[in-house]
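Asks: Structure file final_27.txt (compact mmCIF, C-alpha atoms) is given on the next line.
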```
# COMPACT_ATOMS: atom_id res chain seq x y z
CA MET A 23 11.12 52.37 1.27
CA ARG A 24 9.57 55.68 0.42
CA SER A 25 7.62 54.24 -2.48
CA VAL A 26 6.32 51.49 -0.21
CA ILE A 27 5.05 54.08 2.26
CA VAL A 28 3.46 56.13 -0.49
CA ARG A 29 1.83 52.98 -1.84
CA ARG A 30 0.50 52.07 1.61
CA CYS A 31 -0.87 55.57 2.10
CA CYS A 32 -2.60 55.39 -1.28
CA LEU A 33 -4.04 52.00 -0.37
CA LEU A 34 -5.31 53.32 2.95
CA ALA A 35 -6.86 56.34 1.24
CA LEU A 36 -8.53 54.06 -1.30
CA VAL A 37 -9.95 51.78 1.40
CA VAL A 38 -11.28 54.73 3.40
CA THR A 39 -12.79 56.31 0.29
CA LEU A 40 -14.47 53.09 -0.80
CA THR A 41 -15.81 52.43 2.68
CA VAL A 42 -17.13 55.92 3.22
CA ILE A 43 -18.65 56.17 -0.22
CA SER A 44 -20.23 52.76 -0.06
CA SER A 45 -21.59 52.86 3.44
CA GLY A 46 -21.97 56.34 4.77
CA CYS A 47 -22.21 59.47 2.79
CA GLY A 48 -22.08 58.74 -0.89
CA LEU A 49 -24.22 56.76 -3.22
CA THR A 50 -25.57 54.30 -0.72
CA THR A 51 -27.34 56.52 1.77
CA ALA A 52 -30.32 55.00 3.48
CA PRO A 53 -33.73 55.79 1.97
CA PRO A 54 -35.96 58.28 3.82
CA PRO A 55 -38.06 56.41 6.38
CA ASN A 56 -41.37 57.67 4.97
CA LEU A 57 -41.09 55.74 1.70
CA THR A 58 -43.33 52.84 0.74
CA PRO A 59 -41.62 49.50 -0.05
CA ALA A 60 -41.96 50.18 -3.78
CA ALA A 61 -40.36 53.60 -3.39
CA GLN A 62 -37.55 52.14 -1.29
CA THR A 63 -36.86 49.67 -4.09
CA ALA A 64 -36.82 52.56 -6.57
CA PHE A 65 -34.47 54.48 -4.27
CA HIS A 66 -31.97 51.60 -4.18
CA SER A 67 -32.39 50.96 -7.90
CA GLN A 68 -31.58 54.61 -8.57
CA GLN A 69 -28.37 54.29 -6.58
CA ALA A 70 -27.41 51.19 -8.53
CA GLN A 71 -28.20 52.85 -11.83
CA ASN A 72 -26.08 55.87 -10.94
CA VAL A 73 -23.00 53.73 -10.56
CA LEU A 74 -23.78 51.69 -13.68
CA ASP A 75 -24.18 54.96 -15.60
CA GLN A 76 -20.73 56.00 -14.46
CA ILE A 77 -19.09 52.93 -15.99
CA ARG A 78 -20.96 53.55 -19.26
CA ASP A 79 -20.04 57.24 -19.27
CA ILE A 80 -16.35 56.53 -18.62
CA ALA A 81 -16.23 54.02 -21.48
CA GLN A 82 -18.04 56.34 -23.88
CA ASP A 83 -15.93 59.36 -22.97
CA ALA A 84 -12.74 57.33 -23.28
CA SER A 85 -13.77 56.30 -26.78
CA LYS A 86 -14.12 59.95 -27.83
CA THR A 87 -10.57 61.04 -27.03
CA VAL A 88 -8.00 61.50 -29.79
CA PRO A 89 -6.58 58.92 -30.01
CA PRO A 90 -9.30 56.90 -28.32
CA VAL A 91 -8.31 55.31 -25.02
CA VAL A 92 -11.10 52.76 -25.39
CA SER A 93 -12.11 51.53 -28.84
CA ARG A 94 -15.59 52.35 -30.09
CA ALA A 95 -16.32 48.64 -30.37
CA SER A 96 -15.51 48.18 -26.69
CA ALA A 97 -17.53 51.24 -25.73
CA ILE A 98 -20.49 49.77 -27.60
CA LYS A 99 -20.03 46.47 -25.78
CA ILE A 100 -20.13 48.29 -22.46
CA THR A 101 -23.10 50.35 -23.60
CA ASP A 102 -24.97 47.16 -24.55
CA TRP A 103 -24.09 45.65 -21.19
CA HIS A 104 -25.22 48.83 -19.43
CA ARG A 105 -28.59 48.78 -21.17
CA ALA A 106 -29.14 45.17 -20.14
CA ALA A 107 -27.95 45.81 -16.58
CA ILE A 108 -30.17 48.82 -15.87
CA THR A 109 -33.11 47.01 -17.45
CA ILE A 110 -32.55 44.06 -15.12
CA VAL A 111 -32.34 46.41 -12.14
CA HIS A 112 -35.49 48.20 -13.28
CA GLU A 113 -37.55 45.10 -14.00
CA ALA A 114 -36.31 42.76 -11.28
CA GLY A 115 -36.55 45.17 -8.35
CA SER A 116 -34.50 42.85 -6.15
CA GLY A 117 -32.16 39.90 -6.52
CA TRP A 118 -30.26 41.48 -9.40
CA PRO A 119 -26.83 42.25 -7.85
CA THR A 120 -25.33 38.81 -8.46
CA ALA A 121 -26.33 38.78 -12.12
CA VAL A 122 -25.24 42.36 -12.73
CA VAL A 123 -21.85 41.93 -11.06
CA ALA A 124 -21.26 38.66 -12.92
CA SER A 125 -22.17 40.23 -16.24
CA LEU A 126 -19.84 43.15 -15.54
CA THR A 127 -17.01 40.70 -14.91
CA GLU A 128 -17.76 38.95 -18.19
CA VAL A 129 -17.95 42.09 -20.29
CA LEU A 130 -14.66 43.26 -18.83
CA LYS A 131 -13.02 40.01 -19.94
CA SER A 132 -13.99 40.74 -23.53
CA LEU A 133 -11.96 43.97 -23.59
CA SER A 134 -8.28 44.36 -24.39
CA PRO A 135 -5.80 44.14 -21.49
CA ALA A 136 -5.14 47.88 -21.67
CA GLU A 137 -8.86 48.66 -21.56
CA GLN A 138 -9.33 46.24 -18.70
CA ALA A 139 -6.55 47.94 -16.76
CA LEU A 140 -8.08 51.35 -17.44
CA LEU A 141 -11.54 50.37 -16.25
CA ALA A 142 -10.51 48.04 -13.42
CA PRO A 143 -10.60 50.66 -10.62
CA TYR A 144 -14.04 51.85 -11.69
CA VAL A 145 -15.28 48.28 -11.94
CA THR A 146 -14.00 47.54 -8.44
CA LEU A 147 -15.74 50.62 -7.10
CA THR A 148 -18.93 49.69 -8.95
CA LYS A 149 -18.93 46.17 -7.53
CA THR A 150 -18.36 47.52 -4.02
CA ILE A 151 -21.23 49.96 -4.28
CA LEU A 152 -23.60 47.43 -5.88
CA THR A 153 -22.86 45.00 -3.08
CA GLU A 154 -23.61 47.70 -0.50
CA VAL A 155 -26.80 48.77 -2.26
CA ALA A 156 -28.00 45.18 -2.23
CA LYS A 157 -27.62 44.86 1.56
CA MET B 1060 9.20 62.92 3.86
CA THR B 1061 9.14 59.75 5.93
CA VAL B 1062 6.31 58.21 7.91
CA SER B 1063 7.30 56.19 10.93
CA PRO B 1064 6.03 52.61 11.22
CA GLN B 1065 4.44 53.53 14.55
CA LEU B 1066 2.41 56.25 12.88
CA MET B 1067 1.30 53.86 10.15
CA GLN B 1068 0.34 51.30 12.78
CA LEU B 1069 -1.65 53.93 14.67
CA ALA B 1070 -3.41 54.95 11.47
CA VAL B 1071 -4.39 51.35 10.77
CA GLU B 1072 -5.57 50.74 14.34
CA GLU B 1073 -7.63 53.93 14.46
CA MET B 1074 -9.17 53.47 11.03
CA PRO B 1075 -12.44 51.98 12.35
CA ASN B 1076 -12.91 55.01 14.60
CA VAL B 1077 -12.14 57.38 11.74
CA ILE B 1078 -14.65 55.61 9.50
CA ALA B 1079 -17.27 55.59 12.26
CA GLY B 1080 -16.76 59.33 12.75
CA LEU B 1081 -17.10 60.08 9.06
CA LYS B 1082 -20.24 57.97 8.84
CA ALA B 1083 -21.72 59.77 11.82
CA LEU B 1084 -20.77 63.10 10.31
CA PHE B 1085 -22.10 62.53 6.81
CA GLY B 1086 -24.50 59.63 7.16
CA SER B 1087 -27.35 61.40 8.85
CA ARG B 1088 -29.99 63.39 7.06
CA HIS B 1089 -30.25 67.06 7.92
CA PRO B 1090 -33.46 67.66 9.90
CA THR B 1091 -34.56 70.57 7.73
CA LEU B 1092 -33.85 68.80 4.43
CA PRO B 1093 -37.11 68.25 2.52
CA VAL B 1094 -38.03 64.56 2.42
CA PRO B 1095 -39.22 63.30 -0.98
CA THR B 1096 -42.50 61.47 -1.21
CA SER B 1097 -42.76 57.92 -2.51
CA GLU B 1098 -44.34 59.13 -5.73
CA GLU B 1099 -41.50 61.59 -6.32
CA VAL B 1100 -38.84 58.94 -5.74
CA ILE B 1101 -40.50 56.48 -8.13
CA ALA B 1102 -41.10 59.14 -10.78
CA ALA B 1103 -37.50 60.37 -10.55
CA TYR B 1104 -36.15 56.86 -10.92
CA ASN B 1105 -38.35 56.04 -13.91
CA SER B 1106 -37.38 59.30 -15.57
CA SER B 1107 -33.70 58.67 -14.93
CA TYR B 1108 -34.03 55.13 -16.29
CA GLN B 1109 -35.59 56.33 -19.55
CA ALA B 1110 -32.97 59.06 -19.92
CA SER B 1111 -30.16 56.57 -19.41
CA LEU B 1112 -31.61 54.20 -22.03
CA ALA B 1113 -31.88 57.13 -24.42
CA LYS B 1114 -28.21 57.96 -23.91
CA ASP B 1115 -27.28 54.36 -24.71
CA ASP B 1116 -29.29 54.51 -27.92
CA ALA B 1117 -27.84 57.87 -28.92
CA PHE B 1118 -24.27 56.63 -28.54
CA GLU B 1119 -24.82 53.53 -30.61
CA LYS B 1120 -26.63 55.39 -33.38
CA LYS B 1121 -24.05 58.15 -33.56
CA PRO B 1122 -21.90 57.86 -36.71
CA ILE B 1123 -18.17 57.38 -36.18
```
Would you put the structure from the file into structure tokens?
Replies:
Amino acid sequence: MRSVIVRRCCLLALVVTLTVISSGCGLTTAPPPNLTPAAQTAFHSQQAQNVLDQIRDIAQDASKTVPPVVSRASAIKITDWHRAAITIVHEAGSGWPTAVVASLTEVLKSLSPAEQALLAPYVTLTKTILTEVAK
Amino acid sequence: MTVSPQLMQLAVEEMPNVIAGLKALFGSRHPTLPVPTSEEVIAAYNSSYQASLAKDDAFEKKPI
């Protein structure tokens, strides 16, 4: 019973955190009203890149531990994906969220189950924020 | 420590109000905060983009 309550509290905390981060005070704040359309696009692209950078940084850092939590090969896969993803965001300007989220799902599938489990919460957070940025 | 079901129910029901309050609290821009210009925003993003690409390259080129 107690563990169920603790689990529910953790779930509630996670939902609140994700919601607040994605829609109010975190990475997806609204752009200043004085920006030109091009600058607004850059503003949103910056937010998207920040969260994509986080996934890359987590994978790279996890590959540097002793013993490594994520293999170097997997970290390189994620780094390759990251390079492609931020390039798409940079070049496309808009319409990229579907492709980036889909590619993230695919690259995650290519990792080992343990690595997938490790990165899953960050991937969920990333997808949530990317979806909010795209709105 | 135990949490009563009524308290949990209340927490769930009031969650939208809590979220709305947090958004109102943190979502607005402070009136005295300097507002970046369009040129600054674009330049900062392009700089950040190049730096991120450079970090990708540095990791892949780094010997094991």
Asks: Quick check, in Å to one decimal: how far apart do atom CA of A:Thr109 and atom CA of A:Ala97 lie?
Replies: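 Answer for the atom CA of A:Thr109 to atom CA of A:Ala97 separation: 18.1 Å.
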Asks: Please measure the separation of atom CA of B:Phe1085 and atom CA of A:Val111, giving the value in Å to one decimal.
Replies: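 About the pair atom CA of B:Phe1085 and atom CA of A:Val111: they are 26.9 Å apart.
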Asks: Please report, as JSON lines, each residue of chain B lying at most 6 Å from chain A, together with the nearest pair of atoms and the separation in Å rounded to one decimal; use all atoms listed in the file, and order rows by chain and ascending residue number.
Replies:
```
{"residue": "B:Lys1082", "atom": "CA", "partner": "A:Gly46", "partner_atom": "CA", "distance": 4.7}
{"residue": "B:Phe1085", "atom": "CA", "partner": "A:Cys47", "partner_atom": "CA", "distance": 5.1}
{"residue": "B:Gly1086", "atom": "CA", "partner": "A:Gly46", "partner_atom": "CA", "distance": 4.8}
{"residue": "B:Ser1097", "atom": "CA", "partner": "A:Ala61", "partner_atom": "CA", "distance": 5.0}
{"residue": "B:Ile1101", "atom": "CA", "partner": "A:Ala61", "partner_atom": "CA", "distance": 5.5}
{"residue": "B:Tyr1104", "atom": "CA", "partner": "A:Gln68", "partner_atom": "CA", "distance": 5.6}
{"residue": "B:Asp1115", "atom": "CA", "partner": "A:Thr101", "partner_atom": "CA", "distance": 5.9}
```
Asks: Between atom CA of B:Glu1073 and atom CA of A:Glu154, what is the distance, to one decimal in Å?
Replies: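 Result for atom CA of B:Glu1073 versus atom CA of A:Glu154: 22.8 Å, one decimal.
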Asks: Within 12 Å of A:Thr146, counting all atoms listed in the file, which residues show up once you throw out same-chain ones fewer than 4 positions away? Write them as a compact mmCIF listing (two decimals) with C-alpha atoms, keeping the file's coordinate frame, please.
Replies:
```txt
# COMPACT_ATOMS: atom_id res chain seq x y z
CA LEU A 36 -8.53 54.06 -1.30
CA VAL A 37 -9.95 51.78 1.40
CA LEU A 40 -14.47 53.09 -0.80
CA SER A 44 -20.23 52.76 -0.06
CA VAL A 73 -23.00 53.73 -10.56
CA LEU A 74 -23.78 51.69 -13.68
CA ILE A 77 -19.09 52.93 -15.99
CA VAL A 123 -21.85 41.93 -11.06
CA LEU A 126 -19.84 43.15 -15.54
CA THR A 127 -17.01 40.70 -14.91
CA LEU A 130 -14.66 43.26 -18.83
CA GLN A 138 -9.33 46.24 -18.70
CA ALA A 139 -6.55 47.94 -16.76
CA LEU A 140 -8.08 51.35 -17.44
CA LEU A 141 -11.54 50.37 -16.25
CA ALA A 142 -10.51 48.04 -13.42
CA THR A 150 -18.36 47.52 -4.02
CA ILE A 151 -21.23 49.96 -4.28
CA LEU A 152 -23.60 47.43 -5.88
CA THR A 153 -22.86 45.00 -3.08
```
Asks: Nearest to A:Ala81 among A:Leu133, A:Leu147, A:Ala114, A:Val155, with distances taken over only C-alpha atoms: which residue is it?
Replies: A:Leu133
